[in-house]
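Coordinates from input_26.txt are shown below (compact mmCIF, C-alpha atoms).
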# COMPACT_ATOMS: atom_id res chain seq x y z
CA MET A 96 0.00 0.00 0.00
CA ARG A 97 1.51 3.33 -0.99
CA THR A 98 1.78 6.06 1.62
CA PRO A 99 3.71 9.34 1.69
CA LYS A 100 7.42 8.92 2.42
CA ASN A 101 8.63 9.07 6.03
CA GLU A 102 5.12 8.69 7.40
CA PRO A 103 3.81 5.57 9.07
CA PRO A 104 1.36 3.73 6.82
CA LEU A 105 -2.28 4.60 7.41
CA GLU A 106 -4.63 1.88 8.48
CA LEU A 107 -6.48 0.66 5.41
CA ARG A 108 -9.75 1.99 6.79
CA ASP A 109 -8.34 5.53 6.89
CA ALA A 110 -6.31 5.17 3.72
CA CYS A 111 -9.55 4.38 1.85
CA ILE A 112 -10.98 7.73 3.02
CA VAL A 113 -7.93 9.64 1.80
CA ALA A 114 -7.94 7.81 -1.54
CA ALA A 115 -11.68 8.41 -1.97
CA GLN A 116 -11.25 12.16 -1.47
CA GLU A 117 -8.42 12.20 -3.98
CA ILE A 118 -10.52 10.37 -6.56
CA ILE A 119 -13.41 12.79 -6.03
CA ALA A 120 -11.05 15.79 -6.32
CA GLU A 121 -9.33 14.52 -9.44
CA ARG A 122 -12.14 12.85 -11.35
CA GLY A 123 -15.44 13.75 -9.74
CA LEU A 124 -17.88 11.89 -7.53
CA GLU A 125 -19.22 9.85 -10.46
CA ASN A 126 -15.89 8.05 -10.65
CA LEU A 127 -15.73 7.02 -7.00
CA SER A 128 -15.90 3.24 -6.57
CA LEU A 129 -14.32 0.75 -4.16
CA ARG A 130 -12.51 -0.75 -7.14
CA GLU A 131 -10.91 2.63 -7.95
CA VAL A 132 -9.95 3.09 -4.30
CA ALA A 133 -8.27 -0.35 -4.26
CA ARG A 134 -6.42 0.48 -7.48
CA LYS A 135 -5.20 3.81 -6.09
CA LEU A 136 -3.94 2.16 -2.91
CA GLY A 137 -2.35 -0.77 -4.72
CA VAL A 138 -4.33 -3.32 -2.72
CA SER A 139 -6.55 -6.17 -3.87
CA HIS A 140 -10.02 -5.36 -5.19
CA GLN A 141 -11.54 -7.12 -2.22
CA ALA A 142 -9.54 -5.31 0.47
CA PRO A 143 -11.69 -2.14 0.87
CA TYR A 144 -14.80 -4.32 1.30
CA LYS A 145 -13.43 -5.47 4.67
CA HIS A 146 -14.20 -1.97 5.96
CA TYR A 147 -16.88 -0.66 3.62
CA PRO A 148 -19.69 -2.91 2.38
CA SER A 149 -20.36 -0.53 -0.53
CA ARG A 150 -19.24 2.66 -2.24
CA ASP A 151 -22.09 4.48 -0.47
CA HIS A 152 -20.80 3.35 2.93
CA LEU A 153 -17.39 4.74 2.05
CA LEU A 154 -18.87 8.02 0.82
CA THR A 155 -20.93 8.28 4.01
CA GLU A 156 -17.72 7.99 6.04
CA VAL A 157 -15.94 10.58 3.84
CA MET A 158 -18.81 13.04 4.41
CA ARG A 159 -18.92 12.30 8.16
CA ARG A 160 -15.27 13.19 8.53
CA CYS A 161 -15.81 16.43 6.61
CA PHE A 162 -18.54 17.44 9.07
CA GLN A 163 -16.38 16.43 12.05
CA ARG A 164 -13.41 18.51 10.85
CA PHE A 165 -15.67 21.42 9.95
CA ALA A 166 -17.32 21.40 13.41
CA ALA A 167 -13.89 21.25 15.07
CA HIS A 168 -12.75 24.18 12.90
CA LEU A 169 -15.83 26.21 13.93
CA ASP A 170 -15.26 25.36 17.59
CA ALA A 171 -11.67 26.59 17.28
CA ARG A 172 -12.76 30.18 16.51
CA PRO A 173 -11.83 33.00 18.90
CA HIS A 174 -14.72 32.93 21.38
CA HIS A 175 -16.41 36.09 22.66
CA GLU A 176 -18.67 36.83 25.61
CA ASP A 177 -20.85 39.03 23.41
CA PRO A 178 -22.99 36.71 21.24
CA ALA A 179 -23.03 39.22 18.34
CA GLN A 180 -19.24 39.23 18.29
CA ASP A 181 -19.21 35.46 18.62
CA LEU A 182 -21.57 35.15 15.65
CA GLU A 183 -19.23 37.31 13.59
CA ALA A 184 -16.23 35.18 14.57
CA LEU A 185 -18.22 32.08 13.67
CA GLY A 186 -19.13 33.55 10.28
CA LEU A 187 -15.54 34.43 9.44
CA GLN A 188 -14.40 30.98 10.55
CA TYR A 189 -17.09 29.44 8.31
CA LEU A 190 -15.98 31.47 5.28
CA ALA A 191 -12.32 30.62 5.84
CA TYR A 192 -13.12 26.91 5.82
CA ALA A 193 -15.21 27.17 2.66
CA ARG A 194 -12.38 29.01 0.91
CA GLU A 195 -9.56 26.75 2.11
CA HIS A 196 -11.38 23.43 1.70
CA PRO A 197 -13.63 23.78 -1.35
CA LEU A 198 -13.89 20.04 -1.99
CA GLU A 199 -14.85 19.22 1.60
CA TYR A 200 -17.30 22.11 1.56
CA ARG A 201 -18.95 20.79 -1.59
CA LEU A 202 -19.11 17.29 -0.14
CA MET A 203 -20.97 18.59 2.91
CA PHE A 204 -23.38 20.99 1.28
CA SER A 205 -23.76 20.22 -2.42
CA THR A 206 -23.58 16.42 -2.54
CA THR A 207 -26.63 14.19 -2.66
CA TRP A 208 -26.55 12.03 0.47
CA PRO A 209 -25.61 8.40 -0.15
CA GLU A 210 -28.38 5.80 -0.36
CA PRO A 211 -29.07 3.41 1.31
CA ALA A 212 -26.02 3.37 3.54
CA ASP A 213 -26.54 3.61 7.28
CA ARG A 214 -26.83 7.36 7.71
CA ALA A 215 -27.58 7.76 11.41
CA ASP A 216 -23.96 8.69 12.15
CA LEU A 217 -23.78 11.11 9.23
CA THR A 218 -27.01 12.75 10.36
CA ALA A 219 -25.61 13.07 13.88
CA ASP A 220 -22.38 14.68 12.66
CA ALA A 221 -24.19 17.11 10.32
CA THR A 222 -26.63 18.04 13.09
CA HIS A 223 -23.77 18.53 15.53
CA THR A 224 -22.24 21.06 13.11
CA PHE A 225 -25.54 22.94 12.82
CA ASP A 226 -25.77 22.86 16.63
CA VAL A 227 -22.65 25.05 16.86
CA LEU A 228 -24.70 27.87 15.31
CA ARG A 229 -27.78 27.01 17.37
CA GLY A 230 -25.60 27.21 20.48
CA VAL A 231 -24.60 30.82 19.83
CA LEU A 232 -28.20 31.75 19.02
CA ARG A 233 -29.41 30.23 22.29
CA ARG A 234 -27.29 32.88 23.97
CA VAL A 235 -29.07 35.55 21.87
CA HIS A 236 -32.65 34.32 22.25
CA GLY A 237 -32.45 32.41 25.52
CA ASP A 238 -32.55 28.64 25.89
CA ARG A 239 -36.28 28.24 26.50
CA ALA A 240 -38.37 25.69 24.63
CA GLU A 241 -40.60 28.38 23.11
CA MET A 242 -37.57 30.02 21.48
CA ARG A 243 -36.51 26.92 19.54
CA GLU A 244 -38.32 27.89 16.36
CA ALA A 245 -36.94 31.44 16.45
CA ILE A 246 -33.46 30.00 16.96
CA ASP A 247 -33.80 27.65 14.00
CA LEU A 248 -35.23 30.38 11.76
CA ASP A 249 -32.28 32.65 12.55
CA ALA A 250 -29.84 29.75 12.20
CA LEU A 251 -31.14 29.07 8.68
CA TYR A 252 -30.93 32.78 7.88
CA ILE A 253 -27.33 33.08 9.07
CA TRP A 254 -26.25 29.81 7.46
CA SER A 255 -27.83 30.88 4.16
CA THR A 256 -26.06 34.23 4.22
CA MET A 257 -22.69 32.58 4.91
CA HIS A 258 -23.26 29.85 2.34
CA GLY A 259 -24.17 32.48 -0.22
CA LEU A 260 -21.18 34.69 0.58
CA ALA A 261 -18.89 31.68 0.17
CA GLY A 262 -20.51 30.76 -3.15
CA VAL A 263 -20.62 34.28 -4.58
CA MET A 264 -17.32 35.73 -3.38
CA ASP A 265 -15.28 32.61 -4.14
CA GLY A 266 -17.40 31.67 -7.17
CA PRO A 267 -16.46 31.80 -10.84
CA CYS A 268 -18.80 34.64 -11.79
CA ILE A 269 -17.79 37.51 -9.51
CA ASP A 270 -14.60 38.44 -11.38
CA HIS A 271 -16.49 39.14 -14.59
CA LEU A 272 -19.08 41.61 -13.34
CA ASP A 273 -17.25 44.92 -13.46
CA VAL A 274 -17.22 45.36 -9.69
CA LYS A 275 -14.36 47.46 -8.32
CA ALA A 276 -11.59 45.70 -6.39
CA LYS A 277 -12.24 48.05 -3.48
CA VAL A 278 -15.86 46.90 -3.33
CA LEU A 279 -14.90 43.23 -3.55
CA LYS A 280 -12.52 43.70 -0.67
CA GLN A 281 -15.23 45.22 1.54
CA ALA A 282 -18.06 42.91 0.48
CA VAL A 283 -17.85 40.26 3.21
CA ARG A 284 -17.57 42.77 6.06
CA HIS A 285 -20.40 44.80 4.54
CA ALA A 286 -22.67 41.77 4.24
CA MET A 287 -21.90 40.72 7.80
CA ALA A 288 -22.64 44.22 9.07
CA ARG A 289 -25.98 44.18 7.21
CA MET A 290 -26.70 40.73 8.64
CA GLY A 291 -25.96 42.01 12.12
CA ILE A 292 -28.47 44.85 11.64
CA GLY A 293 -30.98 42.33 10.27
CA LEU A 294 -30.60 40.15 13.35
CA SER A 295 -30.97 43.07 15.74
CA GLY A 296 -34.46 43.96 14.52
CA THR A 297 -37.78 42.33 15.33
CA VAL A 298 -39.35 40.23 12.59
CA MET B 280 -30.81 15.21 -37.26
CA ARG B 281 -33.26 14.03 -34.59
CA THR B 282 -35.74 16.54 -33.21
CA PRO B 283 -38.88 16.09 -31.10
CA LYS B 284 -41.92 14.87 -33.04
CA ASN B 285 -44.28 17.42 -34.55
CA GLU B 286 -41.85 20.25 -34.03
CA PRO B 287 -39.95 21.95 -36.82
CA PRO B 288 -36.28 20.94 -36.76
CA LEU B 289 -34.04 23.33 -34.86
CA GLU B 290 -31.27 25.02 -36.73
CA LEU B 291 -28.07 23.09 -36.07
CA ARG B 292 -26.64 26.04 -34.16
CA ASP B 293 -29.50 25.94 -31.66
CA ALA B 294 -29.76 22.15 -31.64
CA CYS B 295 -26.13 22.00 -30.48
CA ILE B 296 -27.03 24.14 -27.45
CA VAL B 297 -29.93 21.88 -26.51
CA ALA B 298 -27.81 18.75 -26.98
CA ALA B 299 -24.97 20.26 -24.94
CA GLN B 300 -27.30 20.99 -22.00
CA GLU B 301 -28.65 17.46 -22.17
CA ILE B 302 -25.14 16.00 -22.10
CA ILE B 303 -24.21 18.18 -19.11
CA ALA B 304 -27.41 17.19 -17.29
CA GLU B 305 -27.00 13.49 -17.97
CA ARG B 306 -23.28 12.97 -17.73
CA GLY B 307 -21.67 16.09 -16.28
CA LEU B 308 -19.67 18.94 -17.74
CA GLU B 309 -16.52 16.78 -18.03
CA ASN B 310 -18.23 14.75 -20.74
CA LEU B 311 -19.22 17.70 -22.93
CA SER B 312 -17.43 17.64 -26.30
CA LEU B 313 -18.36 18.63 -29.83
CA ARG B 314 -17.98 14.97 -30.78
CA GLU B 315 -20.57 13.95 -28.16
CA VAL B 316 -22.89 16.71 -29.36
CA ALA B 317 -22.59 15.46 -32.96
CA ARG B 318 -23.28 11.88 -31.84
CA LYS B 319 -26.37 12.95 -29.87
CA LEU B 320 -27.75 14.88 -32.85
CA GLY B 321 -26.94 12.14 -35.36
CA VAL B 322 -24.86 14.49 -37.54
CA SER B 323 -21.29 14.18 -38.79
CA HIS B 324 -18.47 14.82 -36.35
CA GLN B 325 -17.50 17.89 -38.34
CA ALA B 326 -20.96 19.50 -38.42
CA PRO B 327 -20.93 21.32 -35.02
CA TYR B 328 -17.56 22.90 -35.92
CA LYS B 329 -19.35 24.98 -38.55
CA HIS B 330 -20.89 26.95 -35.69
CA TYR B 331 -18.52 26.40 -32.76
CA PRO B 332 -14.74 26.39 -33.26
CA SER B 333 -14.30 24.51 -29.95
CA ARG B 334 -16.09 22.93 -27.03
CA ASP B 335 -15.38 26.07 -25.01
CA HIS B 336 -17.10 28.26 -27.61
CA LEU B 337 -20.16 26.02 -27.38
CA LEU B 338 -20.11 26.12 -23.56
CA THR B 339 -19.77 29.91 -23.68
CA GLU B 340 -22.92 30.07 -25.78
CA VAL B 341 -24.78 27.66 -23.46
CA MET B 342 -23.91 29.86 -20.47
CA ARG B 343 -24.83 33.06 -22.33
CA ARG B 344 -28.31 31.76 -23.03
CA CYS B 345 -28.73 30.79 -19.37
CA PHE B 346 -27.95 34.36 -18.33
CA GLN B 347 -30.27 35.74 -21.01
CA ARG B 348 -33.19 33.56 -19.91
CA PHE B 349 -32.47 34.29 -16.24
CA ALA B 350 -32.42 38.06 -16.83
CA ALA B 351 -35.69 37.80 -18.79
CA HIS B 352 -37.21 35.80 -15.94
CA LEU B 353 -36.12 38.44 -13.39
CA ASP B 354 -37.50 41.22 -15.58
CA ALA B 355 -40.85 39.39 -15.75
CA ARG B 356 -41.42 39.73 -11.97
CA PRO B 357 -44.39 41.72 -10.69
CA HIS B 358 -42.98 45.28 -10.54
CA HIS B 359 -43.62 47.61 -7.62
CA GLU B 360 -43.27 51.34 -7.15
CA ASP B 361 -41.79 50.80 -3.68
CA PRO B 362 -38.17 49.64 -4.15
CA ALA B 363 -38.29 47.48 -0.98
CA GLN B 364 -41.29 45.61 -2.35
CA ASP B 365 -39.60 45.39 -5.74
CA LEU B 366 -36.49 43.88 -4.11
CA GLU B 367 -38.64 41.27 -2.41
CA ALA B 368 -40.35 40.39 -5.70
CA LEU B 369 -36.94 40.15 -7.34
CA GLY B 370 -35.69 37.86 -4.58
CA LEU B 371 -38.67 35.52 -4.85
CA GLN B 372 -38.31 35.46 -8.63
CA TYR B 373 -34.61 34.62 -8.23
CA LEU B 374 -35.35 31.73 -5.86
CA ALA B 375 -38.06 30.33 -8.12
CA TYR B 376 -35.62 30.21 -11.03
CA ALA B 377 -32.93 28.52 -8.96
CA ARG B 378 -35.42 25.89 -7.82
CA GLU B 379 -37.01 25.27 -11.22
CA HIS B 380 -33.81 25.34 -13.29
CA PRO B 381 -31.06 23.82 -11.13
CA LEU B 382 -28.82 22.89 -14.05
CA GLU B 383 -28.99 26.35 -15.62
CA TYR B 384 -28.43 27.89 -12.22
CA ARG B 385 -25.30 25.79 -11.66
CA LEU B 386 -24.03 26.65 -15.13
CA MET B 387 -24.30 30.36 -14.35
CA PHE B 388 -22.95 30.42 -10.82
CA SER B 389 -20.91 27.30 -10.12
CA THR B 390 -19.17 26.63 -13.42
CA THR B 391 -15.63 27.69 -14.20
CA TRP B 392 -15.80 30.05 -17.14
CA PRO B 393 -14.57 28.59 -20.44
CA GLU B 394 -11.06 29.41 -21.61
CA PRO B 395 -9.95 30.84 -23.95
CA ALA B 396 -13.19 31.31 -25.89
CA ASP B 397 -14.25 34.84 -26.75
CA ARG B 398 -16.02 35.83 -23.57
CA ALA B 399 -16.98 39.45 -24.19
CA ASP B 400 -20.58 38.47 -24.96
CA LEU B 401 -20.80 36.18 -21.94
CA THR B 402 -19.43 38.93 -19.72
CA ALA B 403 -22.00 41.35 -21.14
CA ASP B 404 -24.89 38.95 -20.53
CA ALA B 405 -23.76 38.13 -16.98
CA THR B 406 -23.29 41.82 -16.20
CA HIS B 407 -26.70 42.62 -17.65
CA THR B 408 -28.23 40.13 -15.21
CA PHE B 409 -26.43 41.73 -12.27
CA ASP B 410 -27.60 45.12 -13.55
CA VAL B 411 -31.22 44.11 -12.88
CA LEU B 412 -30.38 44.14 -9.16
CA ARG B 413 -28.26 47.28 -9.46
CA GLY B 414 -31.24 48.97 -11.15
CA VAL B 415 -33.53 48.42 -8.17
CA LEU B 416 -30.82 49.56 -5.76
CA ARG B 417 -30.32 52.77 -7.75
CA ARG B 418 -33.91 53.56 -6.81
CA VAL B 419 -33.02 52.97 -3.14
CA HIS B 420 -29.71 54.84 -3.01
CA GLY B 421 -30.14 57.34 -5.84
CA ASP B 422 -28.39 57.19 -9.20
CA ARG B 423 -25.46 59.47 -8.39
CA ALA B 424 -21.87 58.51 -9.15
CA GLU B 425 -20.85 58.62 -5.51
CA MET B 426 -23.45 55.98 -4.65
CA ARG B 427 -22.07 53.37 -7.06
CA GLU B 428 -19.94 51.61 -4.47
CA ALA B 429 -22.77 51.50 -1.94
CA ILE B 430 -25.03 50.07 -4.63
CA ASP B 431 -22.55 47.36 -5.55
CA LEU B 432 -21.92 46.47 -1.90
CA ASP B 433 -25.63 46.03 -1.29
CA ALA B 434 -26.06 44.18 -4.58
CA LEU B 435 -23.40 41.66 -3.51
CA TYR B 436 -25.05 41.37 -0.10
CA ILE B 437 -28.49 40.70 -1.57
CA TRP B 438 -27.17 38.34 -4.23
CA SER B 439 -25.22 36.38 -1.62
CA THR B 440 -28.28 36.04 0.61
CA MET B 441 -30.41 34.80 -2.30
CA HIS B 442 -27.69 32.48 -3.57
CA GLY B 443 -27.30 31.06 -0.09
CA LEU B 444 -31.04 30.59 0.44
CA ALA B 445 -31.27 28.74 -2.86
CA GLY B 446 -28.31 26.53 -1.94
CA VAL B 447 -29.39 25.80 1.63
CA MET B 448 -33.16 25.44 1.27
CA ASP B 449 -32.98 23.38 -1.94
CA GLY B 450 -29.75 21.66 -0.93
CA PRO B 451 -29.20 18.04 0.07
CA CYS B 452 -28.35 18.73 3.74
CA ILE B 453 -31.39 20.59 5.06
CA ASP B 454 -33.70 17.58 5.31
CA HIS B 455 -31.35 15.78 7.72
CA LEU B 456 -30.94 18.45 10.39
CA ASP B 457 -33.94 17.91 12.61
CA VAL B 458 -35.55 21.24 11.70
CA LYS B 459 -39.35 21.32 12.00
CA ALA B 460 -41.40 21.41 8.79
CA LYS B 461 -43.09 24.57 10.09
CA VAL B 462 -39.70 26.29 10.38
CA LEU B 463 -38.61 25.15 6.92
CA LYS B 464 -41.82 26.55 5.47
CA GLN B 465 -41.20 29.98 7.03
CA ALA B 466 -37.44 30.10 6.45
CA VAL B 467 -37.35 32.01 3.14
CA ARG B 468 -39.83 34.67 4.28
CA HIS B 469 -37.99 35.01 7.58
CA ALA B 470 -34.61 35.43 5.89
CA MET B 471 -36.04 38.01 3.49
CA ALA B 472 -37.59 39.93 6.37
CA ARG B 473 -34.23 39.92 8.20
CA MET B 474 -32.52 41.03 4.98
CA GLY B 475 -35.03 43.87 4.64
CA ILE B 476 -34.22 45.04 8.17
CA GLY B 477 -30.51 44.72 7.40
CA LEU B 478 -30.90 46.92 4.32
CA SER B 479 -32.89 49.56 6.16
CA GLY B 480 -30.09 50.33 8.62
CA THR B 481 -26.96 52.41 8.14
CA VAL B 482 -23.69 50.50 7.83
Have the structure of the file written as structure tokens, please.
Amino acid sequence: MRTPKNEPPLELRDACIVAAQEIIAERGLENLSLREVARKLGVSHQAPYKHYPSRDHLLTEVMRRCFQRFAAHLDARPHHEDPAQDLEALGLQYLAYAREHPLEYRLMFSTTWPEPADRADLTADATHTFDVLRGVLRRVHGDRAEMREAIDLDALYIWSTMHGLAGVMDGPCIDHLDVKAKVLKQAVRHAMARMGIGLSGTV
Amino acid sequence: MRTPKNEPPLELRDACIVAAQEIIAERGLENLSLREVARKLGVSHQAPYKHYPSRDHLLTEVMRRCFQRFAAHLDARPHHEDPAQDLEALGLQYLAYAREHPLEYRLMFSTTWPEPADRADLTADATHTFDVLRGVLRRVHGDRAEMREAIDLDALYIWSTMHGLAGVMDGPCIDHLDVKAKVLKQAVRHAMARMGIGLSGTV
């Protein structure tokens, strides 16, 4: 099994994950198969099946790990007592991840979930990531049962704004629209300031 | 050349566009080639070259037509005297297009622009689409030269929010996050209300 020089060999279970991400990055999700993973690792065609009963089980595990790393990245933001400041730090941390890990970001948020692999763990990891945002909003709205819907509505609003900023500002279209460099440079801060005003009002 | 029954045959130039979109929808952008287009249309391999010197020229034309149809769709919204109401109508029209035409939407906003095809026309069509939003914001901020940067900053903010709402609410992740159906149903209106408050304040 090939591994980078001077590093201990990965366990096959983990090496399959790394190989799968490489295949997706290089050749797209359509070309992910356990056979391709085995070929890339230089192991027998049967070997990956010891750990993953199907391609969808492997993809489920790839996506889980993306959510786990993303949640850990969000948790590693500079924390603030003031929830509004904390939300801003969370937003900037979100955007940095989307920019630095575009493949992982796409796997989390633009990939059809695998069928019919066991998805309970994936659901738990995705929900845990969303809960980071809910947690900050509980400090804004209070942690009472009757505030849960308001918290989720604002969580979807904030997530949508961040997801859109990542897609627009790092997307392929923005550089062709005759927008000044000065404006592009201010756009994220401006949008987050507008979002902050939006959150401060009563809907 | 095959065309749908009871319809006059498309000109080859237009038929290539339709075939190209079908290939992208069925097999992904990686599999788009003039050879595949010719095969799909049942014409000689050379025939598409009469109209498109390369695959990138064809893709450029496919993307141009997406922007043209999208701009026409945005222009066909119910218009309002009040710019805030007009912005809301524009937003809802945007989201409806993203939901009803996911492939076209991806081609406009998630596809690397073709190289090195002549892109002046594509740039013009994309910019024209963005100008629909700028036009409404000129009615908010006034059409003076010194307001151009403020207009573009708000245009990027609004576009990002709409792009994010489309990606999150129609995306593959949302159904797995333990969010109540009632909340999901209100989420777009809630986000647009928050955005309206955000726009009404001074940054």
Given all atoms listed in the file, how would the per-residue table for chain A near chain B read, listing every residue at most 7 Å away with its closest atom pair and distance in Å to one decimal, sorted by chain and number, as JSON lines?
{"residue": "A:Phe204", "atom": "CA", "partner": "B:Cys452", "partner_atom": "CA", "distance": 6.0}
{"residue": "A:Ser205", "atom": "CA", "partner": "B:Gly450", "partner_atom": "CA", "distance": 6.3}
{"residue": "A:Thr206", "atom": "CA", "partner": "B:Pro451", "partner_atom": "CA", "distance": 6.4}
{"residue": "A:Thr207", "atom": "CA", "partner": "B:Pro451", "partner_atom": "CA", "distance": 5.4}
{"residue": "A:Trp208", "atom": "CA", "partner": "B:Pro451", "partner_atom": "CA", "distance": 6.6}
{"residue": "A:Thr218", "atom": "CA", "partner": "B:His455", "partner_atom": "CA", "distance": 5.9}
{"residue": "A:Ala221", "atom": "CA", "partner": "B:Leu456", "partner_atom": "CA", "distance": 6.9}
{"residue": "A:Thr222", "atom": "CA", "partner": "B:Leu456", "partner_atom": "CA", "distance": 5.1}
{"residue": "A:Glu244", "atom": "CA", "partner": "B:Val462", "partner_atom": "CA", "distance": 6.3}
{"residue": "A:Leu248", "atom": "CA", "partner": "B:Ala466", "partner_atom": "CA", "distance": 5.8}
{"residue": "A:Leu251", "atom": "CA", "partner": "B:Ala466", "partner_atom": "CA", "distance": 6.8}
{"residue": "A:Tyr252", "atom": "CA", "partner": "B:Ala470", "partner_atom": "CA", "distance": 5.0}
{"residue": "A:Ser255", "atom": "CA", "partner": "B:Gly443", "partner_atom": "CA", "distance": 4.3}
{"residue": "A:Thr256", "atom": "CA", "partner": "B:Thr440", "partner_atom": "CA", "distance": 4.6}
{"residue": "A:Met257", "atom": "CA", "partner": "B:Gly443", "partner_atom": "CA", "distance": 7.0}
{"residue": "A:His258", "atom": "CA", "partner": "B:Gly443", "partner_atom": "CA", "distance": 4.9}
{"residue": "A:Gly259", "atom": "CA", "partner": "B:Gly443", "partner_atom": "CA", "distance": 3.4}
{"residue": "A:Leu260", "atom": "CA", "partner": "B:Ser439", "partner_atom": "CA", "distance": 4.9}
{"residue": "A:Val263", "atom": "CA", "partner": "B:Ser439", "partner_atom": "CA", "distance": 5.9}
{"residue": "A:Gly266", "atom": "CA", "partner": "B:Ser389", "partner_atom": "CA", "distance": 6.3}
{"residue": "A:Pro267", "atom": "CA", "partner": "B:Thr391", "partner_atom": "CA", "distance": 5.4}
{"residue": "A:Cys268", "atom": "CA", "partner": "B:Phe388", "partner_atom": "CA", "distance": 6.0}
{"residue": "A:His271", "atom": "CA", "partner": "B:Thr402", "partner_atom": "CA", "distance": 5.9}
{"residue": "A:Leu272", "atom": "CA", "partner": "B:Thr406", "partner_atom": "CA", "distance": 5.1}
{"residue": "A:Val278", "atom": "CA", "partner": "B:Leu432", "partner_atom": "CA", "distance": 6.2}
{"residue": "A:Ala282", "atom": "CA", "partner": "B:Leu432", "partner_atom": "CA", "distance": 5.8}
{"residue": "A:His285", "atom": "CA", "partner": "B:Leu432", "partner_atom": "CA", "distance": 6.8}
{"residue": "A:Ala286", "atom": "CA", "partner": "B:Tyr436", "partner_atom": "CA", "distance": 5.0}
{"residue": "A:Ala288", "atom": "CA", "partner": "B:Val482", "partner_atom": "CA", "distance": 6.5}
{"residue": "A:Arg289", "atom": "CA", "partner": "B:Gly477", "partner_atom": "CA", "distance": 4.6}
{"residue": "A:Met290", "atom": "CA", "partner": "B:Gly477", "partner_atom": "CA", "distance": 5.7}
{"residue": "A:Ile292", "atom": "CA", "partner": "B:Gly477", "partner_atom": "CA", "distance": 4.7}
{"residue": "A:Gly293", "atom": "CA", "partner": "B:Gly477", "partner_atom": "CA", "distance": 3.8}
{"residue": "A:Leu294", "atom": "CA", "partner": "B:Arg473", "partner_atom": "CA", "distance": 6.3}
{"residue": "A:Gly296", "atom": "CA", "partner": "B:Ile476", "partner_atom": "CA", "distance": 6.4}
{"residue": "A:Val298", "atom": "CA", "partner": "B:Ala472", "partner_atom": "CA", "distance": 6.5}
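Note that the spacing between CA of Pro148 (chain A) and CA of Phe162 (chain A) amounts to 21.5 Å.
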Using all atoms listed in the file, the residue out of A:Val227, A:Leu124, A:Ala142, A:Val132 with shortest distance to Ile112 (chain A) is A:Val132
Can you tell me how far CA of Leu366 (chain B) sits from CA of Ala351 (chain B), in Å to one decimal?
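CA of Ala351 (chain B) lies 15.9 Å from CA of Leu366 (chain B).
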Compile the contact shell of Ser323 (chain B) as a short mmCIF file (atom, residue, chain, number, x, y, z; two decimals) with C-alpha atoms, in the coordinates of the input: residues with an atom at most 10 Å away, counting all atoms listed in the file, same-chain residues fewer than 5 positions apart removed.
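Output file out_15.cif follows:
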data_model
loop_
_atom_site.label_atom_id
_atom_site.label_comp_id
_atom_site.auth_asym_id
_atom_site.auth_seq_id
_atom_site.Cartn_x
_atom_site.Cartn_y
_atom_site.Cartn_z
CA MET B 280 -30.81 15.21 -37.26
CA ARG B 314 -17.98 14.97 -30.78
CA VAL B 316 -22.89 16.71 -29.36
CA ALA B 317 -22.59 15.46 -32.96
CA ARG B 318 -23.28 11.88 -31.84
CA TYR B 328 -17.56 22.90 -35.92
#
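What separates CA of Pro327 (chain B) from CA of Ala294 (chain B) is a distance of 9.5 Å.
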Just the residues within 9 Å of Pro357 (chain B), please, counting all atoms listed in the file, with nothing from its chain fewer than 6 positions along; format it as a ChimeraX atom specification.
/B:365,368-369,372
Counting all atoms listed in the file, figure out which residue out of B:Asp335, B:Glu379, B:Glu425, B:Glu290 gets nearest to Pro393 (chain B).
B:Asp335
Neighbour residues at most 9 Å from (-13.2, 25.4, -27.1) (all atoms listed in the file) as an mmCIF file with C-alpha atoms, keeping the file's coordinate frame:
data_model
loop_
_atom_site.group_PDB
_atom_site.id
_atom_site.type_symbol
_atom_site.label_atom_id
_atom_site.label_comp_id
_atom_site.auth_asym_id
_atom_site.auth_seq_id
_atom_site.Cartn_x
_atom_site.Cartn_y
_atom_site.Cartn_z
ATOM 1 C CA SER B 312 -17.430 17.640 -26.300
ATOM 2 C CA LEU B 313 -18.360 18.630 -29.830
ATOM 3 C CA TYR B 331 -18.520 26.400 -32.760
ATOM 4 C CA PRO B 332 -14.740 26.390 -33.260
ATOM 5 C CA SER B 333 -14.300 24.510 -29.950
ATOM 6 C CA ARG B 334 -16.090 22.930 -27.030
ATOM 7 C CA ASP B 335 -15.380 26.070 -25.010
ATOM 8 C CA HIS B 336 -17.100 28.260 -27.610
ATOM 9 C CA LEU B 337 -20.160 26.020 -27.380
ATOM 10 C CA LEU B 338 -20.110 26.120 -23.560
ATOM 11 C CA THR B 339 -19.770 29.910 -23.680
ATOM 12 C CA PRO B 393 -14.570 28.590 -20.440
ATOM 13 C CA GLU B 394 -11.060 29.410 -21.610
ATOM 14 C CA PRO B 395 -9.950 30.840 -23.950
ATOM 15 C CA ALA B 396 -13.190 31.310 -25.890
#
Restricting the calculation to only C-alpha atoms, which member of A:Gly137, A:Gly237, A:Pro197, A:Gly230 is positioned closest to Asp170 (chain A)?
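Using only C-alpha atoms, the shortest distance to Asp170 (chain A) belongs to A:Gly230.
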